[in-house]
$ cat start-v3.pdb   # PDB, C-alpha atoms
ATOM      1  CA  MET A 954     -93.864 113.443  71.452
ATOM      2  CA  THR A 955     -93.232 109.793  72.373
ATOM      3  CA  MET A 956     -90.140 108.100  70.979
ATOM      4  CA  GLU A 957     -90.473 104.415  70.179
ATOM      5  CA  ARG A 958     -88.014 102.204  72.021
ATOM      6  CA  PRO A 959     -85.324 100.457  69.980
ATOM      7  CA  ARG A 960     -86.428  97.073  68.684
ATOM      8  CA  ILE A 961     -85.974  94.670  65.821
ATOM      9  CA  ARG A 962     -88.194  91.872  64.594
ATOM     10  CA  LEU A 963     -87.056  89.227  62.119
ATOM     11  CA  GLY A 964     -89.155  86.561  60.469
ATOM     12  CA  SER A 965     -92.735  85.920  59.448
ATOM     13  CA  ASP A 966     -95.979  85.042  61.183
ATOM     14  CA  SER A 967     -94.917  81.401  61.535
ATOM     15  CA  ALA A 968     -91.401  81.918  62.964
ATOM     16  CA  TRP A 969     -90.086  85.180  64.343
ATOM     17  CA  LEU A 970     -87.596  86.726  66.723
ATOM     18  CA  GLU A 971     -87.826  90.089  68.450
ATOM     19  CA  LEU A 972     -85.245  92.003  70.463
ATOM     20  CA  ALA A 973     -86.816  95.018  72.181
ATOM     21  CA  HIS A 974     -85.399  97.580  74.604
ATOM     22  CA  THR A 975     -87.520  97.809  77.749
ATOM     23  CA  GLY A 976     -85.471 100.394  79.641
ATOM     24  CA  GLY A 977     -81.984 100.885  81.063
ATOM     25  CA  ASP A 978     -79.891  97.828  80.223
ATOM     26  CA  ASP A 979     -82.973  95.587  79.943
ATOM     27  CA  TRP A 980     -83.905  94.036  76.604
ATOM     28  CA  ARG A 981     -86.731  91.580  75.955
ATOM     29  CA  VAL A 982     -85.852  88.604  73.759
ATOM     30  CA  THR A 983     -88.917  86.889  72.331
ATOM     31  CA  ALA A 984     -89.163  84.134  69.742
ATOM     32  CA  ASP A 985     -92.127  82.190  68.484
ATOM     33  CA  TRP A 986     -92.399  79.149  66.252
ATOM     34  CA  CYS A 987     -95.860  78.419  64.812
ATOM     35  CA  SER A 988     -97.482  79.518  68.105
ATOM     36  CA  CYS A 989     -96.379  76.125  69.486
ATOM     37  CA  LEU A 990     -93.032  76.989  71.007
ATOM     38  CA  ARG A 991     -92.180  80.345  72.540
ATOM     39  CA  ALA A 992     -89.238  81.845  74.378
ATOM     40  CA  ASP A 993     -89.643  85.128  76.212
ATOM     41  CA  PHE A 994     -87.041  86.439  78.648
ATOM     42  CA  THR A 995     -85.149  89.526  79.798
ATOM     43  CA  ALA A 996     -81.517  90.005  78.827
ATOM     44  CA  TYR A 997     -79.228  92.578  80.390
ATOM     45  CA  LEU A 998     -77.378  94.295  77.533
ATOM     46  CA  SER A 999     -75.728  97.674  77.311
ATOM     47  CA  ALA A1000     -76.417 100.042  74.428
ATOM     48  CA  GLY A1001     -72.772  99.534  73.421
ATOM     49  CA  GLU A1002     -73.212  95.752  73.198
ATOM     50  CA  ILE A1003     -76.292  96.174  71.003
ATOM     51  CA  ALA A1004     -74.524  98.776  68.841
ATOM     52  CA  ASP A1005     -71.552  96.426  68.343
ATOM     53  CA  PHE A1006     -73.893  93.566  67.401
ATOM     54  CA  VAL A1007     -75.747  95.754  64.902
ATOM     55  CA  ALA A1008     -72.438  96.959  63.401
ATOM     56  CA  ARG A1009     -71.253  93.355  62.942
ATOM     57  CA  MET A1010     -74.539  92.357  61.309
ATOM     58  CA  LEU A1011     -74.459  95.366  58.984
ATOM     59  CA  SER A1012     -70.862  94.685  57.980
ATOM     60  CA  HIS A1013     -71.911  91.208  56.803
ATOM     61  CA  LEU A1014     -75.074  92.493  55.114
ATOM     62  CA  ARG A1015     -73.436  95.430  53.310
ATOM     63  CA  ALA A1016     -70.706  93.334  51.732
ATOM     64  CA  PRO A1017     -72.331  89.929  51.339
ATOM     65  CA  SER A1018     -69.835  87.228  50.507
ATOM     66  CA  GLY A1019     -72.400  84.574  49.651
ATOM     67  CA  ARG A1020     -71.107  82.585  52.610
ATOM     68  CA  ARG A1021     -72.645  81.851  55.964
ATOM     69  CA  PHE A1022     -71.787  83.965  58.983
ATOM     70  CA  SER A1023     -72.560  84.109  62.666
ATOM     71  CA  ALA A1024     -73.043  87.023  65.052
ATOM     72  CA  ALA A1025     -73.583  86.822  68.796
ATOM     73  CA  VAL A1026     -75.087  89.728  70.716
ATOM     74  CA  THR A1027     -72.237  89.573  73.226
ATOM     75  CA  PRO A1028     -68.907  87.776  73.099
ATOM     76  CA  GLY A1029     -69.123  86.784  76.761
ATOM     77  CA  ARG A1030     -70.623  83.927  78.666
ATOM     78  CA  ASN A1031     -73.853  85.869  79.241
ATOM     79  CA  ASN A1032     -74.781  85.898  75.523
ATOM     80  CA  PRO A1033     -78.562  85.495  75.156
ATOM     81  CA  LEU A1034     -78.766  85.378  71.353
ATOM     82  CA  THR A1035     -76.745  84.180  68.378
ATOM     83  CA  LEU A1036     -77.797  84.515  64.746
ATOM     84  CA  ASN A1037     -76.275  82.091  62.255
ATOM     85  CA  ALA A1038     -76.994  83.286  58.721
ATOM     86  CA  GLU A1039     -77.035  81.115  55.633
ATOM     87  CA  ALA A1040     -77.013  82.858  52.234
ATOM     88  CA  VAL A1041     -80.101  81.955  50.184
ATOM     89  CA  GLN A1042     -80.479  83.650  46.789
ATOM     90  CA  ASP A1043     -80.698  87.421  47.524
ATOM     91  CA  GLY A1044     -81.109  87.062  51.257
ATOM     92  CA  PHE A1045     -80.328  85.091  54.370
ATOM     93  CA  ALA A1046     -82.063  82.378  56.379
ATOM     94  CA  PHE A1047     -81.306  82.500  60.087
ATOM     95  CA  PHE A1048     -80.708  79.769  62.596
ATOM     96  CA  VAL A1049     -81.429  81.390  65.926
ATOM     97  CA  ARG A1050     -79.937  80.158  69.196
ATOM     98  CA  LEU A1051     -81.446  81.651  72.338
ATOM     99  CA  THR A1052     -79.840  81.052  75.716
ATOM    100  CA  PRO A1053     -81.929  82.605  78.526
ATOM    101  CA  ASN A1054     -79.342  81.650  81.156
ATOM    102  CA  GLY A1055     -76.320  82.739  79.159
ATOM    103  CA  ASP A1056     -74.007  80.256  77.466
ATOM    104  CA  ASP A1057     -75.935  77.242  78.710
ATOM    105  CA  GLY A1058     -75.838  74.024  76.703
ATOM    106  CA  ALA A1059     -78.720  72.508  78.672
ATOM    107  CA  CYS A1060     -81.212  75.366  78.457
ATOM    108  CA  HIS A1061     -81.497  76.828  74.998
ATOM    109  CA  LEU A1062     -83.856  77.150  72.039
ATOM    110  CA  GLN A1063     -82.846  76.825  68.420
ATOM    111  CA  MET A1064     -85.127  77.650  65.509
ATOM    112  CA  GLU A1065     -84.951  78.553  61.846
ATOM    113  CA  ILE A1066     -86.286  81.713  60.235
ATOM    114  CA  ASP A1067     -87.054  81.532  56.518
ATOM    115  CA  PRO A1068     -84.940  83.624  54.123
ATOM    116  CA  ILE A1069     -85.248  87.396  54.360
ATOM    117  CA  ASP A1070     -84.119  89.686  51.535
ATOM    118  CA  ALA A1071     -80.713  91.281  52.251
ATOM    119  CA  THR A1072     -81.990  94.788  51.426
ATOM    120  CA  GLU A1073     -84.848  94.377  53.917
ATOM    121  CA  LEU A1074     -82.409  93.100  56.553
ATOM    122  CA  ARG A1075     -80.113  96.085  56.065
ATOM    123  CA  GLY A1076     -83.129  98.348  56.501
ATOM    124  CA  VAL A1077     -84.255  96.830  59.805
ATOM    125  CA  PHE A1078     -80.716  96.792  61.244
ATOM    126  CA  ASP A1079     -80.140 100.394  60.058
ATOM    127  CA  ALA A1080     -83.385 101.408  61.789
ATOM    128  CA  LEU A1081     -82.295  99.688  65.018
ATOM    129  CA  ARG A1082     -78.922 101.432  64.889
ATOM    130  CA  ALA A1083     -80.589 104.809  64.295
ATOM    131  CA  SER A1084     -82.897 104.285  67.288
ATOM    132  CA  LEU A1085     -80.078 103.542  69.741
ATOM    133  CA  VAL A1086     -79.114 106.330  72.103
ATOM    134  CA  LEU A1087     -75.464 105.838  73.100
TER     135      LEU A1087
END
$ encode --input "start-v3.pdb" --output "structure tokens"
Amino acid sequence: MTMERPRIRLGSDSAWLELAHTGGDDWRVTADWCSCLRADFTAYLSAGEIADFVARMLSHLRAPSGRRFSAAVTPGRNNPLTLNAEAVQDGFAFFVRLTPNGDDGACHLQMEIDPIDATELRGVFDALRASLVL
């Protein structure tokens, strides 16, 4: 029996972000905007860092305040991904900031992902948490 590696994908066909475990402490961060602009790089993240990120996201999604929030994958200088969420009706739109070289103001990608229903978001983050082996 083959177990699928932990991963999460947010967005639609026109703008999406994926964070996928590729083995050990390696995660693949991929984003695509309208097939015109793409980021694709490896990030070195521990299972604990991913679990903490997922827990922070779920805490915001389980008790939505109707206000915007932000969650970075890691608190340190090597953070490859930050999600800034803006409440929109029953969901959240995301402003994604990718930094392939860590906290680098000169080399980053920012893009917007259209609103996603909060219940759907909780489901995908719950599935990611369940797939993590700590």
$ residues_near_point --input "start-v3.pdb" --point "(-81.1, 96.7, 79.9)" --cutoff "10 Å" --atoms "all atoms listed in the file" --output "PDB file with C-alpha atoms, in the coordinates of the input"
ATOM      1  CA  ALA A 973     -86.816  95.018  72.181  1.00  0.00           C
ATOM      2  CA  HIS A 974     -85.399  97.580  74.604  1.00  0.00           C
ATOM      3  CA  THR A 975     -87.520  97.809  77.749  1.00  0.00           C
ATOM      4  CA  GLY A 976     -85.471 100.394  79.641  1.00  0.00           C
ATOM      5  CA  GLY A 977     -81.984 100.885  81.063  1.00  0.00           C
ATOM      6  CA  ASP A 978     -79.891  97.828  80.223  1.00  0.00           C
ATOM      7  CA  ASP A 979     -82.973  95.587  79.943  1.00  0.00           C
ATOM      8  CA  TRP A 980     -83.905  94.036  76.604  1.00  0.00           C
ATOM      9  CA  ARG A 981     -86.731  91.580  75.955  1.00  0.00           C
ATOM     10  CA  THR A 995     -85.149  89.526  79.798  1.00  0.00           C
ATOM     11  CA  ALA A 996     -81.517  90.005  78.827  1.00  0.00           C
ATOM     12  CA  TYR A 997     -79.228  92.578  80.390  1.00  0.00           C
ATOM     13  CA  LEU A 998     -77.378  94.295  77.533  1.00  0.00           C
ATOM     14  CA  SER A 999     -75.728  97.674  77.311  1.00  0.00           C
ATOM     15  CA  ALA A1000     -76.417 100.042  74.428  1.00  0.00           C
TER      16      ALA A1000
END
$ residues_around --input "start-v3.pdb" --residues "region 988-994 of chain A" --least-positions-apart "3" --cutoff "12 Å" --atoms "only C-alpha atoms" --output "count of residues only"
33
$ resolve_selection --input "start-v3.pdb" --expression "the PyMOL selection byres ((chain A and resi 1071-1075) around 7)" --output "PDB file with C-alpha atoms, in the frame of the given file"
ATOM      1  CA  LEU A1011     -74.459  95.366  58.984  1.00  0.00           C
ATOM      2  CA  LEU A1014     -75.074  92.493  55.114  1.00  0.00           C
ATOM      3  CA  ASP A1043     -80.698  87.421  47.524  1.00  0.00           C
ATOM      4  CA  GLY A1044     -81.109  87.062  51.257  1.00  0.00           C
ATOM      5  CA  PHE A1045     -80.328  85.091  54.370  1.00  0.00           C
ATOM      6  CA  ILE A1069     -85.248  87.396  54.360  1.00  0.00           C
ATOM      7  CA  ASP A1070     -84.119  89.686  51.535  1.00  0.00           C
ATOM      8  CA  GLY A1076     -83.129  98.348  56.501  1.00  0.00           C
ATOM      9  CA  VAL A1077     -84.255  96.830  59.805  1.00  0.00           C
ATOM     10  CA  PHE A1078     -80.716  96.792  61.244  1.00  0.00           C
ATOM     11  CA  ASP A1079     -80.140 100.394  60.058  1.00  0.00           C
TER      12      ASP A1079
END
$ resolve_selection --input "start-v3.pdb" --expression "the PyMOL selection byres ((chain A and resi 1037) around 9)" --output "MDAnalysis selection string"
chainID A and resid 1021:1025 1035:1036 1038:1039 1046:1050
$ atom_distance --input "start-v3.pdb" --atom1 "CA of Trp986 (chain A)" --atom2 "CA of Ile1066 (chain A)"
9.0 Å
$ closest_residue --input "start-v3.pdb" --among "A:Val1026, A:Asn1032, A:Ser1018, A:Ala1083" --to "Asp1005 (chain A)" --atoms "all atoms listed in the file"
A:Val1026
$ closest_residue --input "start-v3.pdb" --among "A:Ala1016, A:Leu963, A:Val1041, A:Ile1003" --to "Pro1028 (chain A)" --atoms "only C-alpha atoms"
A:Ile1003
$ atom_distance --input "start-v3.pdb" --atom1 "CA of Glu1065 (chain A)" --atom2 "CA of Arg962 (chain A)"
14.0 Å
$ closest_residue --input "start-v3.pdb" --among "A:Ile961, A:Leu1085, A:Glu1002, A:Arg1020" --to "Ala1040 (chain A)" --atoms "all atoms listed in the file"
A:Arg1020
$ closest_residue --input "start-v3.pdb" --among "A:Arg958, A:Gln1042, A:Pro1068, A:Thr1027" --to "Val1007 (chain A)" --atoms "all atoms listed in the file"
A:Thr1027
$ atom_distance --input "start-v3.pdb" --atom1 "CA of Leu1081 (chain A)" --atom2 "CA of Cys987 (chain A)"
25.2 Å
